[in-house]
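Peer 1: Here it is, the structure, as structure tokens.
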Amino acid sequence: MTVYTFRVNKITVGVLGASGYAGREICDLVVRHPDMELAFASANSRAGESIRVAGRSISLVATEDAKLDSAGLIFSALPHGASGAWVKAAASSGARVVDLSADLRPGNGSSSYNGTIVPYGLTELMRSALPGAAVVSNPGCYPTAILIALAPLLAHSLIVKGATINVSAASGVTGAGFTPKPELMFAEVAEDFRAYAVGNEHRHLNEMRAIVSDLGGDNDILFTPHLLPVARGILATITVPVTESLTQPLSLWRDMYRNEPFIEVSDTMPSLRDVVHRNVVRVSVASAANVRQPTLVIVAAIDNLMKGAAGQAVQNANVMLGLPEIAGLPA
């Protein structure tokens, strides 16, 4: 195992599940972070191997061998279903924990630790619940883009009660994880574009429904994800029936997110090139013409590995620990 030296006043950090795309991205951000130092990085299937992050070679240890008590902050990028137990073990060791799995997210069963509800780390909407938290549940990638896009309408009760919110969203192949799958091979993905989880059964739906309800909405979500032939990025197109015609709809988003360093409200529709390798949500809005029901079309773009995973996890950790929220994050 590589031995790391820690500079005075730096927070020691452990990463569980460091061999996956999100885990490696977290390691890269931690190594570059001005207030953090990597203590260990674990990956069972690749224990003993090394990965390159931020120009450095990092040795991976088995998760069972990770010295949880050597870190003041632990990120868990372990698979859904496996992460929850390790999050509890890490928190019991005295570390603050950010969980990137679905295990503690709203709508996915238990969302508590030691009898306390685990805050949902959609930072811009839930910031007040994060400082001092022992554990924070990091949102999924699709929900991050979609909920940030919907929040201003929910805050003003402008979505028609009982109406269906339609979401068509496309993600790069890193969103499917690091495990090799034939359908994700280059020859299968290149020059193609396809829908998946058709039938409104994607695992992120429970999370989105729960948060929409928490934000005051009474709506179904019809969500159809697609696979893009690119490595990273999400583009979501969201069609929302609203209670009245809005002459300047974008002003709602500008007002709500005016002081947010990682949300960009744009006059022009966003693209993946605007957001890849950046910890931002870029969003724009248009009123739909030629329909009887007043309707808005919202387009939101994120990097699924940054704002949709590792970047938001570090952003949440910064708030939890009282560090500058933007520290170590590419905007």
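Labels for the structure tokens follow display order: chains A, B, ..., residues from 1 in each chain, ligands from 1.
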Can you list, as a VMD selection string, every protein, DNA or RNA residue that comes within 8 Å of stretch 36-51 of chain A when you count only C-alpha atoms, leaving out same-chain residues fewer than 6 positions away?
Peer 2: chain A and resid 1 4 6 to 7 10 to 19 27 30 57 to 63 66 to 67 70 to 71
Peer 1: Give me, as a Markdown table, the closest atom pair and its distance (Å, one decimal) for every residue of stretch 53-171 of chain A within a cut-off of 10 Å of stretch 319-329 of chain A, counting only C-alpha atoms, rows sorted by chain and rising number.
Peer 2:
| residue | atom | partner | partner_atom | distance |
| --- | --- | --- | --- | --- |
| A:Gly72 | CA | A:Leu321 | CA | 9.9 |
| A:Leu73 | CA | A:Leu321 | CA | 9.0 |
| A:Arg96 | CA | A:Met320 | CA | 8.1 |
| A:Val97 | CA | A:Met320 | CA | 9.4 |
| A:Val98 | CA | A:Met320 | CA | 9.4 |
| A:Gly121 | CA | A:Val319 | CA | 9.9 |
| A:Thr123 | CA | A:Val319 | CA | 8.4 |
| A:Arg127 | CA | A:Val319 | CA | 7.5 |
| A:Ser128 | CA | A:Val319 | CA | 9.1 |
| A:Ala129 | CA | A:Met320 | CA | 8.8 |
| A:Leu130 | CA | A:Met320 | CA | 5.2 |
| A:Pro131 | CA | A:Met320 | CA | 4.1 |
| A:Gly132 | CA | A:Met320 | CA | 5.2 |
| A:Ala133 | CA | A:Met320 | CA | 6.0 |
| A:Ala134 | CA | A:Met320 | CA | 8.2 |
| A:Val135 | CA | A:Met320 | CA | 8.9 |
| A:Val136 | CA | A:Met320 | CA | 8.4 |
Peer 1: Within stretch 118-301 of chain A, find each residue whose DSSP state, derived from the backbone, is strand (DSSP E), and express the selection as a ChimeraX atom specification.
Peer 2: /A:135-137,164-171,194-195,220-227,234-241,263-265,281-287,295-301
Peer 1: Extract, using only C-alpha atoms, all DNA, RNA and protein residues at most 10 Å from stretch 248-264 of chain A, discarding same-chain residues fewer than 3 positions from it, and format them as a PyMOL selection string.
Peer 2: chain A and resi 123-125+148-153+155-156+245+267+270+274-275+278-287+296+298+300-302+307+312+315+325-326+329-331
Peer 1: Please identify the helix (DSSP H, G or I) residues within stretch 104-270 of chain A (assignment by DSSP from backbone atoms) and present them as a short mmCIF file (atom, residue, chain, number, x, y, z; two decimals) with N, CA and C atoms, in the first residue's frame.
Peer 2:
data_model
loop_
_atom_site.label_atom_id
_atom_site.label_comp_id
_atom_site.auth_asym_id
_atom_site.auth_seq_id
_atom_site.Cartn_x
_atom_site.Cartn_y
_atom_site.Cartn_z
N THR A 123 -27.31 20.05 -3.24
CA THR A 123 -26.74 21.12 -2.41
C THR A 123 -27.52 22.41 -2.49
N GLU A 124 -27.84 22.85 -3.69
CA GLU A 124 -28.47 24.15 -3.84
C GLU A 124 -29.85 24.23 -3.21
N LEU A 125 -30.52 23.09 -3.08
CA LEU A 125 -31.88 23.07 -2.52
C LEU A 125 -31.91 22.65 -1.06
N MET A 126 -30.86 21.94 -0.61
CA MET A 126 -30.88 21.35 0.74
C MET A 126 -29.70 21.82 1.58
N ARG A 127 -29.10 22.93 1.22
CA ARG A 127 -27.84 23.36 1.85
C ARG A 127 -27.95 23.50 3.36
N SER A 128 -29.06 23.99 3.85
CA SER A 128 -29.17 24.27 5.28
C SER A 128 -29.11 23.01 6.14
N ALA A 129 -29.40 21.85 5.55
CA ALA A 129 -29.39 20.60 6.32
C ALA A 129 -28.01 19.94 6.36
N CYS A 141 -27.50 11.04 -10.79
CA CYS A 141 -27.13 11.97 -11.85
C CYS A 141 -28.35 12.55 -12.56
N TYR A 142 -29.25 11.69 -13.01
CA TYR A 142 -30.46 12.20 -13.66
C TYR A 142 -31.28 13.09 -12.71
N PRO A 143 -31.53 12.67 -11.46
CA PRO A 143 -32.29 13.53 -10.57
C PRO A 143 -31.66 14.90 -10.34
N THR A 144 -30.33 14.97 -10.33
CA THR A 144 -29.68 16.27 -10.13
C THR A 144 -30.10 17.25 -11.21
N ALA A 145 -29.99 16.84 -12.47
CA ALA A 145 -30.36 17.74 -13.57
C ALA A 145 -31.84 18.06 -13.55
N ILE A 146 -32.67 17.05 -13.33
CA ILE A 146 -34.11 17.22 -13.46
C ILE A 146 -34.70 18.01 -12.29
N LEU A 147 -34.26 17.73 -11.07
CA LEU A 147 -34.82 18.43 -9.91
C LEU A 147 -34.37 19.88 -9.84
N ILE A 148 -33.11 20.15 -10.19
CA ILE A 148 -32.67 21.55 -10.25
C ILE A 148 -33.50 22.31 -11.28
N ALA A 149 -33.82 21.66 -12.40
CA ALA A 149 -34.62 22.30 -13.44
C ALA A 149 -36.04 22.58 -12.98
N LEU A 150 -36.62 21.68 -12.20
CA LEU A 150 -38.03 21.81 -11.79
C LEU A 150 -38.24 22.69 -10.57
N ALA A 151 -37.23 22.85 -9.74
CA ALA A 151 -37.41 23.48 -8.43
C ALA A 151 -38.04 24.87 -8.48
N PRO A 152 -37.66 25.77 -9.39
CA PRO A 152 -38.31 27.09 -9.39
C PRO A 152 -39.81 27.02 -9.63
N LEU A 153 -40.27 26.13 -10.49
CA LEU A 153 -41.71 25.99 -10.72
C LEU A 153 -42.40 25.41 -9.50
N LEU A 154 -41.76 24.44 -8.84
CA LEU A 154 -42.34 23.87 -7.63
C LEU A 154 -42.40 24.91 -6.51
N ALA A 155 -41.39 25.74 -6.42
CA ALA A 155 -41.35 26.77 -5.36
C ALA A 155 -42.49 27.77 -5.51
N VAL A 173 -22.05 6.99 -21.70
CA VAL A 173 -21.98 5.59 -21.27
C VAL A 173 -21.34 5.41 -19.90
N THR A 174 -20.60 6.40 -19.39
CA THR A 174 -20.05 6.25 -18.04
C THR A 174 -21.15 6.18 -16.99
N GLY A 175 -22.34 6.66 -17.33
CA GLY A 175 -23.46 6.57 -16.40
C GLY A 175 -23.88 5.15 -16.11
N ALA A 176 -23.47 4.20 -16.96
CA ALA A 176 -23.83 2.80 -16.75
C ALA A 176 -22.82 2.07 -15.88
N PRO A 182 -21.37 -6.13 -22.77
CA PRO A 182 -21.28 -6.18 -24.23
C PRO A 182 -21.99 -5.02 -24.92
N GLU A 183 -23.17 -4.63 -24.39
CA GLU A 183 -23.94 -3.58 -25.05
C GLU A 183 -23.31 -2.20 -24.91
N LEU A 184 -22.27 -2.09 -24.07
CA LEU A 184 -21.59 -0.81 -23.90
C LEU A 184 -20.23 -0.76 -24.60
N PHE A 186 -17.53 -0.22 -27.54
CA PHE A 186 -17.46 0.88 -28.51
C PHE A 186 -18.24 0.56 -29.77
N ALA A 187 -18.04 -0.65 -30.31
CA ALA A 187 -18.69 -1.00 -31.57
C ALA A 187 -20.20 -1.06 -31.46
N GLU A 188 -20.72 -1.27 -30.24
CA GLU A 188 -22.16 -1.31 -30.03
C GLU A 188 -22.76 0.08 -29.80
N VAL A 189 -21.97 0.98 -29.23
CA VAL A 189 -22.48 2.29 -28.86
C VAL A 189 -22.25 3.34 -29.95
N LEU A 205 -36.52 6.95 -10.53
CA LEU A 205 -37.85 7.53 -10.45
C LEU A 205 -38.33 7.71 -9.01
N ASN A 206 -38.09 6.73 -8.15
CA ASN A 206 -38.55 6.85 -6.76
C ASN A 206 -37.93 8.06 -6.08
N GLU A 207 -36.65 8.27 -6.35
CA GLU A 207 -35.94 9.43 -5.78
C GLU A 207 -36.56 10.74 -6.26
N MET A 208 -36.82 10.84 -7.57
CA MET A 208 -37.37 12.08 -8.12
C MET A 208 -38.78 12.32 -7.62
N ARG A 209 -39.59 11.27 -7.57
CA ARG A 209 -40.97 11.43 -7.06
C ARG A 209 -40.96 11.91 -5.61
N ALA A 210 -40.08 11.33 -4.80
CA ALA A 210 -40.04 11.70 -3.39
C ALA A 210 -39.66 13.17 -3.22
N ILE A 211 -38.67 13.64 -3.97
CA ILE A 211 -38.23 15.03 -3.80
C ILE A 211 -39.25 16.00 -4.39
N VAL A 212 -39.87 15.67 -5.52
CA VAL A 212 -40.93 16.52 -6.07
C VAL A 212 -42.04 16.68 -5.04
N SER A 213 -42.41 15.59 -4.38
CA SER A 213 -43.43 15.67 -3.33
C SER A 213 -42.95 16.53 -2.17
N ASP A 214 -41.70 16.34 -1.73
CA ASP A 214 -41.16 17.15 -0.63
C ASP A 214 -41.15 18.64 -0.97
N LEU A 250 -37.80 32.55 -17.81
CA LEU A 250 -36.42 32.35 -17.35
C LEU A 250 -36.11 33.16 -16.09
N SER A 251 -36.91 34.22 -15.84
CA SER A 251 -36.66 35.05 -14.65
C SER A 251 -36.84 34.24 -13.36
N LEU A 252 -37.70 33.22 -13.36
CA LEU A 252 -37.87 32.39 -12.17
C LEU A 252 -36.57 31.68 -11.82
N TRP A 253 -35.89 31.15 -12.82
CA TRP A 253 -34.63 30.45 -12.60
C TRP A 253 -33.51 31.43 -12.24
N ARG A 254 -33.51 32.58 -12.88
CA ARG A 254 -32.48 33.59 -12.55
C ARG A 254 -32.63 34.05 -11.11
N ASP A 255 -33.86 34.28 -10.67
CA ASP A 255 -34.08 34.75 -9.30
C ASP A 255 -33.69 33.69 -8.28
N MET A 256 -34.06 32.45 -8.52
CA MET A 256 -33.80 31.39 -7.54
C MET A 256 -32.32 31.05 -7.45
#
